[in-house]
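To start, the structure under review is shown below, and the notes come after it.
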Amino acid sequence: MLNMTWEFKLEPTAEQVSEIEHILDVCCNVWSFARRERKDWLDSRKSPVNACSIRQAFIWPADAPFPSDARQCKSLTAAKAEFPRLK
């Protein structure tokens, strides 16, 4: 069997570099927001009722559902309408 490989070197223009960096920045912000939302939900369930933290408090309703993929997709769609940068 013969395997062939090719290597390509991309040489984007300055405009393309700025567009790529903008897209990666938006992706990073969306990922961080979704991760923080899940982490806050989990942390709000860890604190015992009689011993709350002095430094921070997670105020989430007890019946708030876990931020699943489907729920976070819906909230991202709503955020796109509010923040045009995410479009």
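As shown in the structure tokens, the chain order sets the letters A, B, ...; within each chain, residues go from 1, and ligands are also counted from 1 in the order they appear.
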| Could you pull the residues within 12 Å of stretch 76-87 of chain A, counting only C-alpha atoms, minus those fewer than 2 positions along the same chain, as a PyMOL selection string? | chain A and resi 22-31+33-34+37+67+69-74
| message | What parts of chain A does DSSP call alpha helix (DSSP H)? I'd like the answer as an NGL selection string. | response | :A and (14-46 or 69-82)
| Which residue, A:Ser68, A:Ile20, A:Glu11, A:Met1, has the smallest gap to A:Lys39 when you use only C-alpha atoms? | A:Ser68
| message | Taking 6 positions as the minimum chain separation for residues in the same chain, which residues sit within 12 Å of A:Pro61 when counting only C-alpha atoms? Answer as a VMD selection string. | response | chain A and resid 40 to 41 44 to 45
Using only N, CA and C atoms, please write the residues we just selected to a file, as a tab-separated table (two decimals), in the first residue's frame.
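Printed below is again.tsv as written:
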```
chain	number	residue	atom	x	y	z
A	40	ASP	N	-20.85	26.85	37.93
A	40	ASP	CA	-21.62	27.55	38.97
A	40	ASP	C	-22.80	26.71	39.43
A	41	TRP	N	-23.47	26.03	38.49
A	41	TRP	CA	-24.61	25.18	38.87
A	41	TRP	C	-24.13	24.05	39.78
A	44	SER	N	-23.11	25.35	43.24
A	44	SER	CA	-24.25	25.75	44.07
A	44	SER	C	-24.87	24.55	44.77
A	45	ARG	N	-24.62	23.35	44.26
A	45	ARG	CA	-25.17	22.14	44.89
A	45	ARG	C	-24.22	21.55	45.93
```
| query | What gap, in Å, lies between atom CA of A:Pro12 and atom CA of A:Ser32? | reply | 27.2 Å
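What separates atom CA of A:Glu21 from atom CA of A:Arg38 is a distance of 25.9 Å.
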